[in-house]
$ cat entry-v2.cif   # mmCIF, C-alpha atoms
data_input
#
loop_
_atom_site.label_atom_id
_atom_site.label_comp_id
_atom_site.auth_asym_id
_atom_site.auth_seq_id
_atom_site.Cartn_x
_atom_site.Cartn_y
_atom_site.Cartn_z
CA MET A 1 40.71 -38.52 37.64
CA PRO A 2 42.67 -35.23 37.65
CA THR A 3 46.23 -35.36 38.90
CA ALA A 4 47.32 -33.65 42.12
CA ARG A 5 48.95 -30.90 40.04
CA GLU A 6 45.71 -30.38 38.08
CA ARG A 7 43.66 -30.21 41.29
CA VAL A 8 46.00 -27.64 42.80
CA ARG A 9 45.93 -25.57 39.62
CA ALA A 10 42.11 -25.66 39.56
CA GLU A 11 41.93 -24.61 43.21
CA ILE A 12 44.32 -21.69 42.74
CA THR A 13 42.56 -20.58 39.56
CA ALA A 14 39.23 -20.65 41.41
CA GLU A 15 40.76 -18.62 44.26
CA ILE A 16 41.99 -16.05 41.75
CA ALA A 17 38.52 -15.85 40.17
CA ASP A 18 36.88 -15.40 43.59
CA ALA A 19 39.26 -12.55 44.39
CA ALA A 20 38.50 -10.98 41.01
CA ARG A 21 34.76 -11.14 41.74
CA ARG A 22 35.37 -9.27 44.99
CA GLN A 23 37.31 -6.71 42.96
CA LEU A 24 34.28 -6.31 40.69
CA ALA A 25 32.21 -5.32 43.70
CA GLU A 26 34.82 -2.86 44.95
CA VAL A 27 36.17 -1.16 41.82
CA GLY A 28 34.11 -2.41 38.87
CA ALA A 29 35.15 -4.36 35.79
CA ALA A 30 36.95 -1.48 34.07
CA ALA A 31 39.37 -1.10 37.00
CA LEU A 32 39.98 -4.82 37.50
CA SER A 33 43.70 -5.34 38.02
CA LEU A 34 45.68 -8.57 38.07
CA ARG A 35 48.15 -6.92 40.43
CA ALA A 36 45.39 -6.15 42.93
CA VAL A 37 44.04 -9.68 42.60
CA ALA A 38 47.53 -11.07 43.16
CA ARG A 39 47.90 -9.03 46.36
CA GLU A 40 44.57 -10.30 47.65
CA VAL A 41 45.46 -13.96 47.15
CA GLY A 42 48.98 -13.43 48.49
CA MET A 43 50.81 -14.16 45.26
CA ALA A 44 53.39 -12.31 43.22
CA SER A 45 52.04 -10.82 40.00
CA SER A 46 54.40 -12.99 37.99
CA ALA A 47 52.96 -16.09 39.68
CA VAL A 48 49.37 -15.12 38.88
CA TYR A 49 50.23 -14.89 35.17
CA ARG A 50 50.99 -18.62 35.22
CA TYR A 51 47.30 -19.21 35.92
CA VAL A 52 45.69 -16.26 34.15
CA PRO A 53 47.69 -14.96 31.17
CA SER A 54 46.09 -11.49 31.11
CA ARG A 55 43.36 -9.28 32.51
CA ASP A 56 41.23 -10.05 29.45
CA ASP A 57 41.58 -13.78 30.09
CA LEU A 58 40.44 -13.19 33.66
CA LEU A 59 37.46 -11.15 32.48
CA THR A 60 36.55 -13.91 30.05
CA ARG A 61 36.66 -16.45 32.90
CA LEU A 62 34.41 -14.24 35.05
CA ILE A 63 31.97 -13.69 32.17
CA ILE A 64 31.68 -17.38 31.34
CA ASP A 65 31.25 -18.28 35.01
CA ALA A 66 28.52 -15.63 35.42
CA TYR A 67 26.66 -16.69 32.28
CA ASP A 68 26.83 -20.32 33.37
CA ASP A 69 25.56 -19.44 36.84
CA LEU A 70 22.70 -17.43 35.33
CA GLY A 71 21.94 -20.22 32.86
CA THR A 72 21.80 -22.76 35.67
CA ALA A 73 19.30 -20.59 37.56
CA ALA A 74 17.10 -20.23 34.46
CA GLU A 75 17.22 -23.94 33.67
CA ALA A 76 16.42 -24.92 37.25
CA ALA A 77 13.34 -22.68 37.27
CA ASP A 78 11.81 -24.22 34.15
CA ALA A 79 9.31 -27.03 34.76
CA PRO A 80 8.46 -28.50 31.31
CA GLY A 81 5.22 -30.00 32.60
CA ASP A 82 3.76 -26.61 33.54
CA PRO A 83 1.74 -24.36 31.19
CA PRO A 84 3.97 -22.23 28.91
CA ARG A 85 2.99 -18.91 30.51
CA GLN A 86 3.75 -20.24 33.99
CA ARG A 87 7.11 -21.53 32.79
CA TRP A 88 7.98 -18.17 31.22
CA LEU A 89 7.12 -16.25 34.39
CA ALA A 90 9.09 -18.69 36.57
CA VAL A 91 12.20 -18.33 34.42
CA CYS A 92 11.93 -14.54 34.33
CA ARG A 93 11.65 -14.44 38.12
CA ALA A 94 14.67 -16.71 38.43
CA VAL A 95 16.76 -14.47 36.16
CA ARG A 96 15.74 -11.41 38.16
CA GLY A 97 16.48 -13.22 41.42
CA TRP A 98 19.94 -14.13 40.22
CA ALA A 99 20.60 -10.55 39.11
CA ARG A 100 19.54 -9.16 42.49
CA GLU A 101 21.78 -11.65 44.28
CA HIS A 102 24.75 -11.01 41.95
CA PRO A 103 24.46 -7.35 40.92
CA HIS A 104 28.14 -6.93 40.08
CA GLU A 105 28.30 -10.01 37.89
CA TYR A 106 25.05 -8.91 36.23
CA ALA A 107 26.60 -5.50 35.55
CA LEU A 108 29.61 -7.25 34.01
CA LEU A 109 27.30 -9.11 31.62
CA TYR A 110 24.67 -6.46 30.84
CA GLY A 111 26.12 -3.16 32.03
CA PHE A 112 28.55 -0.76 30.37
CA PRO A 113 31.15 -2.54 28.18
CA VAL A 114 34.67 -2.74 29.60
CA PRO A 115 36.90 -0.35 27.60
CA GLY A 116 39.40 -2.22 25.47
CA TYR A 117 37.85 -5.64 26.07
CA ARG A 118 36.10 -7.70 23.41
CA ALA A 119 34.43 -10.91 24.52
CA PRO A 120 35.72 -13.89 22.51
CA ALA A 121 33.54 -16.48 20.79
CA GLU A 122 34.12 -18.93 23.64
CA THR A 123 31.67 -16.91 25.78
CA VAL A 124 28.78 -17.52 23.36
CA PRO A 125 27.64 -21.00 24.51
CA ALA A 126 27.39 -19.87 28.13
CA ALA A 127 25.70 -16.60 27.11
CA ALA A 128 23.06 -18.52 25.14
CA ARG A 129 21.99 -20.83 27.96
CA ALA A 130 19.32 -18.58 29.43
CA GLY A 131 18.02 -17.75 25.95
CA VAL A 132 17.77 -21.43 25.13
CA VAL A 133 15.30 -21.81 28.00
CA LEU A 134 12.98 -19.19 26.47
CA GLY A 135 13.30 -20.86 23.10
CA ARG A 136 12.44 -24.23 24.58
CA ILE A 137 9.30 -22.78 26.18
CA LEU A 138 8.29 -21.15 22.90
CA GLY A 139 9.01 -24.26 20.87
CA ASP A 140 7.12 -26.50 23.30
CA ALA A 141 4.14 -24.12 23.16
CA ALA A 142 4.16 -24.27 19.36
CA ARG A 143 4.41 -28.05 19.22
CA SER A 144 1.65 -28.50 21.81
CA GLY A 145 -0.74 -26.34 19.79
CA ALA A 146 -0.76 -23.52 22.31
CA LEU A 147 0.26 -21.01 19.62
CA PRO A 148 -1.85 -20.32 16.51
CA GLU A 149 -0.36 -21.09 13.11
CA ALA A 150 1.63 -18.10 11.91
CA ALA A 151 0.92 -16.32 8.65
CA GLY A 152 4.43 -15.23 7.75
CA GLU A 153 7.38 -17.05 6.20
CA ARG A 154 11.03 -17.46 6.97
CA ASP A 155 13.12 -14.40 6.13
CA PRO A 156 16.74 -15.64 6.09
CA ALA A 157 18.07 -12.09 5.86
CA LEU A 158 16.52 -11.02 9.18
CA ILE A 159 17.27 -13.56 11.91
CA SER A 160 20.21 -15.93 11.90
CA GLU A 161 19.85 -19.69 11.62
CA GLU A 162 21.48 -20.01 15.05
CA ALA A 163 18.82 -17.75 16.60
CA VAL A 164 16.04 -19.65 14.83
CA ALA A 165 17.34 -22.89 16.34
CA ILE A 166 17.40 -21.35 19.81
CA LEU A 167 13.94 -19.77 19.47
CA GLY A 168 12.02 -23.00 19.09
CA GLY A 169 13.27 -24.15 15.70
CA GLU A 170 11.20 -24.41 12.54
CA HIS A 171 7.43 -24.78 13.08
CA PRO A 172 4.27 -23.47 11.36
CA ALA A 173 3.44 -21.47 14.49
CA LEU A 174 6.85 -19.78 14.51
CA ASP A 175 7.50 -17.20 11.80
CA GLU A 176 9.72 -14.12 11.77
CA ALA A 177 7.05 -12.01 13.49
CA VAL A 178 6.94 -14.45 16.42
CA ARG A 179 10.73 -14.61 16.57
CA VAL A 180 11.01 -10.84 16.57
CA ARG A 181 8.56 -10.69 19.47
CA ALA A 182 10.54 -13.39 21.26
CA LEU A 183 13.80 -11.47 20.91
CA LEU A 184 12.03 -8.29 22.01
CA ALA A 185 10.58 -10.08 25.04
CA TRP A 186 13.96 -11.49 26.06
CA SER A 187 15.73 -8.14 25.68
CA ALA A 188 12.85 -6.36 27.45
CA MET A 189 13.20 -8.72 30.39
CA PHE A 190 16.86 -7.79 30.78
CA GLY A 191 16.00 -4.13 30.24
CA THR A 192 13.41 -4.27 33.01
CA ILE A 193 15.89 -5.93 35.36
CA SER A 194 18.59 -3.39 34.45
CA PHE A 195 16.26 -0.47 35.11
CA GLU A 196 15.56 -1.84 38.57
CA LEU A 197 19.16 -2.74 39.45
CA PHE A 198 20.63 0.52 38.19
CA GLY A 199 18.03 2.70 39.95
CA HIS A 200 16.01 3.89 36.95
CA LEU A 201 12.64 2.86 38.42
CA VAL A 202 13.04 5.04 41.50
CA GLY A 203 10.18 7.53 41.62
CA SER A 204 8.26 5.65 38.93
CA VAL A 205 7.44 2.22 40.36
CA LEU A 206 6.30 1.75 43.94
CA ASP A 207 6.22 -2.06 44.07
CA THR A 208 9.00 -3.53 41.95
CA ASP A 209 7.93 -7.13 42.57
CA ARG A 210 4.42 -6.53 41.28
CA TRP A 211 5.74 -4.35 38.46
CA PHE A 212 8.09 -7.08 37.29
CA ASP A 213 5.37 -9.73 37.29
CA ARG A 214 2.98 -7.43 35.42
CA ALA A 215 5.63 -6.53 32.87
CA MET A 216 6.64 -10.15 32.29
CA GLY A 217 2.96 -11.09 31.98
CA GLU A 218 2.52 -8.49 29.25
CA LEU A 219 5.55 -9.85 27.42
CA ALA A 220 4.19 -13.40 27.70
CA ALA A 221 0.87 -12.22 26.25
CA GLY A 222 2.71 -10.63 23.35
CA LEU A 223 4.24 -14.03 22.62
CA GLY A 224 0.84 -15.68 22.69
CA LEU A 225 1.56 -17.59 25.90
#
$ encode --input "entry-v2.cif" --output "structure tokens"
Amino acid sequence: MPTARERVRAEITAEIADAARRQLAEVGAAALSLRAVAREVGMASSAVYRYVPSRDDLLTRLIIDAYDDLGTAAEAADAPGDPPRQRWLAVCRAVRGWAREHPHEYALLYGFPVPGYRAPAETVPAAARAGVVLGRILGDAARSGALPEAAGERDPALISEEAVAILGGEHPALDEAVRVRALLAWSAMFGTISFELFGHLVGSVLDTDRWFDRAMGELAAGLGL
């Protein structure tokens, strides 16, 4: 069990993170200021630094929290007993739903990079969670015989071993061509969501719900789902 001091520290750190998320909505990630966050939570700037050493540390906390929240939404939407295509569409809808409900956190993850900030390696596990769901769907489809045996071979100079593990692992139905399509599908999903959230579909798409489902269906077909 955490001590009283640890519980208080966790509560204050969470309060600081909540205030920082409100700052994201008001001024954006690039203008995030520990001084402004300190004012909002009623603390001196020097006191805030005891909980968050720097603005970059605060950004890292917000990024990990957002990736974890997104990953939880993707994982919750996946029903392993359903057909692969249905699972893919459900996860895509869940990711879009999360993005629409948390546009400022989505922009922090997939929008313009924050000048001067470089995300550390500790953000990678959280960032991979949503991608792992796609890989699980693809791998399950391969192992169930839903995908035809692939003709290509493993090209170790193209896609990393870590990405191969995420995208279903090693299987005769999964070659580099399939993995390339999987990475394209995943990035296209985020691109489609970004176009909608950042206003780039205005004047082009009349029904964004139907458009998203059609687009994700085309991506699923490209994967052989």
$ resolve_selection --input "entry-v2.cif" --expression "the PyMOL selection byres ((chain A and resi 24) around 12)" --output "PDB file with C-alpha atoms, keeping the file's coordinate frame"
ATOM      1  CA  ALA A  17      38.520 -15.850  40.170  1.00  0.00           C
ATOM      2  CA  ASP A  18      36.880 -15.400  43.590  1.00  0.00           C
ATOM      3  CA  ALA A  19      39.260 -12.550  44.390  1.00  0.00           C
ATOM      4  CA  ALA A  20      38.500 -10.980  41.010  1.00  0.00           C
ATOM      5  CA  ARG A  21      34.760 -11.140  41.740  1.00  0.00           C
ATOM      6  CA  ARG A  22      35.370  -9.270  44.990  1.00  0.00           C
ATOM      7  CA  GLN A  23      37.310  -6.710  42.960  1.00  0.00           C
ATOM      8  CA  ALA A  25      32.210  -5.320  43.700  1.00  0.00           C
ATOM      9  CA  GLU A  26      34.820  -2.860  44.950  1.00  0.00           C
ATOM     10  CA  VAL A  27      36.170  -1.160  41.820  1.00  0.00           C
ATOM     11  CA  GLY A  28      34.110  -2.410  38.870  1.00  0.00           C
ATOM     12  CA  ALA A  29      35.150  -4.360  35.790  1.00  0.00           C
ATOM     13  CA  ALA A  30      36.950  -1.480  34.070  1.00  0.00           C
ATOM     14  CA  ALA A  31      39.370  -1.100  37.000  1.00  0.00           C
ATOM     15  CA  LEU A  32      39.980  -4.820  37.500  1.00  0.00           C
ATOM     16  CA  SER A  33      43.700  -5.340  38.020  1.00  0.00           C
ATOM     17  CA  LEU A  34      45.680  -8.570  38.070  1.00  0.00           C
ATOM     18  CA  ALA A  36      45.390  -6.150  42.930  1.00  0.00           C
ATOM     19  CA  VAL A  37      44.040  -9.680  42.600  1.00  0.00           C
ATOM     20  CA  LEU A  58      40.440 -13.190  33.660  1.00  0.00           C
ATOM     21  CA  LEU A  59      37.460 -11.150  32.480  1.00  0.00           C
ATOM     22  CA  LEU A  62      34.410 -14.240  35.050  1.00  0.00           C
ATOM     23  CA  ILE A  63      31.970 -13.690  32.170  1.00  0.00           C
ATOM     24  CA  HIS A 102      24.750 -11.010  41.950  1.00  0.00           C
ATOM     25  CA  PRO A 103      24.460  -7.350  40.920  1.00  0.00           C
ATOM     26  CA  HIS A 104      28.140  -6.930  40.080  1.00  0.00           C
ATOM     27  CA  GLU A 105      28.300 -10.010  37.890  1.00  0.00           C
ATOM     28  CA  TYR A 106      25.050  -8.910  36.230  1.00  0.00           C
ATOM     29  CA  ALA A 107      26.600  -5.500  35.550  1.00  0.00           C
ATOM     30  CA  LEU A 108      29.610  -7.250  34.010  1.00  0.00           C
ATOM     31  CA  LEU A 109      27.300  -9.110  31.620  1.00  0.00           C
ATOM     32  CA  VAL A 114      34.670  -2.740  29.600  1.00  0.00           C
TER      33      VAL A 114
END
$ residues_around --input "entry-v2.cif" --residues "stretch 98-101 of chain A" --least-positions-apart "5" --cutoff "10 Å" --atoms "all atoms listed in the file" --output "list in words"
Ala66, Asp69, Leu70, Gly71, Thr72, Ala73, Ala74, Cys92, Arg93, Tyr106, Ala107, Phe190, Ile193, Ser194, Glu196 and Leu197 of chain A
$ closest_residue --input "entry-v2.cif" --among "A:Gly139, A:Gly145, A:Leu201, A:Leu134" --to "A:Glu170" --atoms "only C-alpha atoms"
A:Gly139
$ closest_residue --input "entry-v2.cif" --among "A:Leu225, A:Val205, A:Ile16, A:Val164" --to "A:Leu183" --atoms "only C-alpha atoms"
A:Val164
$ closest_residue --input "entry-v2.cif" --among "A:Ala150, A:Leu219, A:Val41, A:Ala127" --to "A:Arg85" --atoms "only C-alpha atoms"
A:Leu219
$ build_atoms --input "entry-v2.cif" --residues "stretch 169-180 of chain A" --atoms "all heavy atoms" --output "PDB file, in the coordinates of the input"
ATOM      1  N   GLY A 169      13.095 -23.425  16.940  1.00  0.00           N
ATOM      2  CA  GLY A 169      13.270 -24.150  15.700  1.00  0.00           C
ATOM      3  C   GLY A 169      12.228 -23.804  14.653  1.00  0.00           C
ATOM      4  O   GLY A 169      11.487 -22.828  14.764  1.00  0.00           O
ATOM      5  N   GLU A 170      12.166 -24.619  13.624  1.00  0.00           N
ATOM      6  CA  GLU A 170      11.200 -24.410  12.540  1.00  0.00           C
ATOM      7  C   GLU A 170       9.858 -25.051  12.914  1.00  0.00           C
ATOM      8  O   GLU A 170       9.804 -26.212  13.325  1.00  0.00           O
ATOM      9  CB  GLU A 170      11.713 -25.017  11.240  1.00  0.00           C
ATOM     10  CG  GLU A 170      13.004 -24.398  10.728  1.00  0.00           C
ATOM     11  CD  GLU A 170      12.798 -23.018  10.117  1.00  0.00           C
ATOM     12  OE1 GLU A 170      11.630 -22.563  10.039  1.00  0.00           O
ATOM     13  OE2 GLU A 170      13.805 -22.403   9.717  1.00  0.00           O
ATOM     14  N   HIS A 171       8.783 -24.277  12.782  1.00  0.00           N
ATOM     15  CA  HIS A 171       7.430 -24.780  13.080  1.00  0.00           C
ATOM     16  C   HIS A 171       6.426 -23.835  12.444  1.00  0.00           C
ATOM     17  O   HIS A 171       6.671 -22.624  12.357  1.00  0.00           O
ATOM     18  CB  HIS A 171       7.204 -24.861  14.592  1.00  0.00           C
ATOM     19  CG  HIS A 171       5.941 -25.566  14.978  1.00  0.00           C
ATOM     20  ND1 HIS A 171       4.717 -24.938  15.001  1.00  0.00           N
ATOM     21  CD2 HIS A 171       5.709 -26.854  15.334  1.00  0.00           C
ATOM     22  CE1 HIS A 171       3.797 -25.801  15.364  1.00  0.00           C
ATOM     23  NE2 HIS A 171       4.363 -26.971  15.574  1.00  0.00           N
ATOM     24  N   PRO A 172       5.274 -24.356  11.981  1.00  0.00           N
ATOM     25  CA  PRO A 172       4.270 -23.470  11.360  1.00  0.00           C
ATOM     26  C   PRO A 172       3.780 -22.350  12.256  1.00  0.00           C
ATOM     27  O   PRO A 172       3.298 -21.329  11.755  1.00  0.00           O
ATOM     28  CB  PRO A 172       3.132 -24.441  11.013  1.00  0.00           C
ATOM     29  CG  PRO A 172       3.800 -25.765  10.858  1.00  0.00           C
ATOM     30  CD  PRO A 172       4.899 -25.780  11.858  1.00  0.00           C
ATOM     31  N   ALA A 173       3.881 -22.524  13.576  1.00  0.00           N
ATOM     32  CA  ALA A 173       3.440 -21.470  14.490  1.00  0.00           C
ATOM     33  C   ALA A 173       4.533 -20.454  14.797  1.00  0.00           C
ATOM     34  O   ALA A 173       4.299 -19.488  15.528  1.00  0.00           O
ATOM     35  CB  ALA A 173       2.924 -22.076  15.789  1.00  0.00           C
ATOM     36  N   LEU A 174       5.721 -20.667  14.225  1.00  0.00           N
ATOM     37  CA  LEU A 174       6.850 -19.780  14.510  1.00  0.00           C
ATOM     38  C   LEU A 174       7.356 -19.171  13.203  1.00  0.00           C
ATOM     39  O   LEU A 174       8.064 -19.815  12.437  1.00  0.00           O
ATOM     40  CB  LEU A 174       7.985 -20.562  15.189  1.00  0.00           C
ATOM     41  CG  LEU A 174       7.645 -21.238  16.519  1.00  0.00           C
ATOM     42  CD1 LEU A 174       8.807 -22.089  16.987  1.00  0.00           C
ATOM     43  CD2 LEU A 174       7.264 -20.211  17.566  1.00  0.00           C
ATOM     44  N   ASP A 175       6.975 -17.921  12.960  1.00  0.00           N
ATOM     45  CA  ASP A 175       7.500 -17.200  11.800  1.00  0.00           C
ATOM     46  C   ASP A 175       8.382 -16.062  12.293  1.00  0.00           C
ATOM     47  O   ASP A 175       8.667 -15.941  13.489  1.00  0.00           O
ATOM     48  CB  ASP A 175       6.356 -16.715  10.905  1.00  0.00           C
ATOM     49  CG  ASP A 175       5.451 -15.702  11.605  1.00  0.00           C
ATOM     50  OD1 ASP A 175       5.728 -15.362  12.794  1.00  0.00           O
ATOM     51  OD2 ASP A 175       4.479 -15.246  10.981  1.00  0.00           O
ATOM     52  N   GLU A 176       8.807 -15.191  11.367  1.00  0.00           N
ATOM     53  CA  GLU A 176       9.720 -14.120  11.770  1.00  0.00           C
ATOM     54  C   GLU A 176       9.049 -13.133  12.734  1.00  0.00           C
ATOM     55  O   GLU A 176       9.706 -12.593  13.619  1.00  0.00           O
ATOM     56  CB  GLU A 176      10.243 -13.366  10.543  1.00  0.00           C
ATOM     57  CG  GLU A 176      11.036 -14.229   9.576  1.00  0.00           C
ATOM     58  CD  GLU A 176      12.147 -15.028  10.249  1.00  0.00           C
ATOM     59  OE1 GLU A 176      11.848 -16.079  10.855  1.00  0.00           O
ATOM     60  OE2 GLU A 176      13.321 -14.631  10.158  1.00  0.00           O
ATOM     61  N   ALA A 177       7.737 -12.920  12.583  1.00  0.00           N
ATOM     62  CA  ALA A 177       7.050 -12.010  13.490  1.00  0.00           C
ATOM     63  C   ALA A 177       7.092 -12.538  14.921  1.00  0.00           C
ATOM     64  O   ALA A 177       7.322 -11.790  15.876  1.00  0.00           O
ATOM     65  CB  ALA A 177       5.600 -11.805  13.037  1.00  0.00           C
ATOM     66  N   VAL A 178       6.887 -13.842  15.082  1.00  0.00           N
ATOM     67  CA  VAL A 178       6.940 -14.450  16.420  1.00  0.00           C
ATOM     68  C   VAL A 178       8.361 -14.384  16.965  1.00  0.00           C
ATOM     69  O   VAL A 178       8.574 -14.073  18.144  1.00  0.00           O
ATOM     70  CB  VAL A 178       6.447 -15.909  16.362  1.00  0.00           C
ATOM     71  CG1 VAL A 178       6.598 -16.571  17.732  1.00  0.00           C
ATOM     72  CG2 VAL A 178       4.991 -15.965  15.913  1.00  0.00           C
ATOM     73  N   ARG A 179       9.341 -14.646  16.105  1.00  0.00           N
ATOM     74  CA  ARG A 179      10.730 -14.610  16.570  1.00  0.00           C
ATOM     75  C   ARG A 179      11.158 -13.198  16.956  1.00  0.00           C
ATOM     76  O   ARG A 179      11.900 -13.003  17.914  1.00  0.00           O
ATOM     77  CB  ARG A 179      11.648 -15.186  15.495  1.00  0.00           C
ATOM     78  CG  ARG A 179      11.384 -16.674  15.223  1.00  0.00           C
ATOM     79  CD  ARG A 179      12.401 -17.267  14.267  1.00  0.00           C
ATOM     80  NE  ARG A 179      12.045 -18.640  13.947  1.00  0.00           N
ATOM     81  CZ  ARG A 179      11.509 -19.038  12.800  1.00  0.00           C
ATOM     82  NH1 ARG A 179      11.280 -18.147  11.840  1.00  0.00           N
ATOM     83  NH2 ARG A 179      11.216 -20.302  12.593  1.00  0.00           N
ATOM     84  N   VAL A 180      10.704 -12.226  16.208  1.00  0.00           N
ATOM     85  CA  VAL A 180      11.010 -10.840  16.570  1.00  0.00           C
ATOM     86  C   VAL A 180      10.420 -10.517  17.940  1.00  0.00           C
ATOM     87  O   VAL A 180      11.073  -9.908  18.802  1.00  0.00           O
ATOM     88  CB  VAL A 180      10.473  -9.862  15.500  1.00  0.00           C
ATOM     89  CG1 VAL A 180      10.458  -8.426  16.030  1.00  0.00           C
ATOM     90  CG2 VAL A 180      11.330  -9.944  14.241  1.00  0.00           C
TER      91      VAL A 180
END
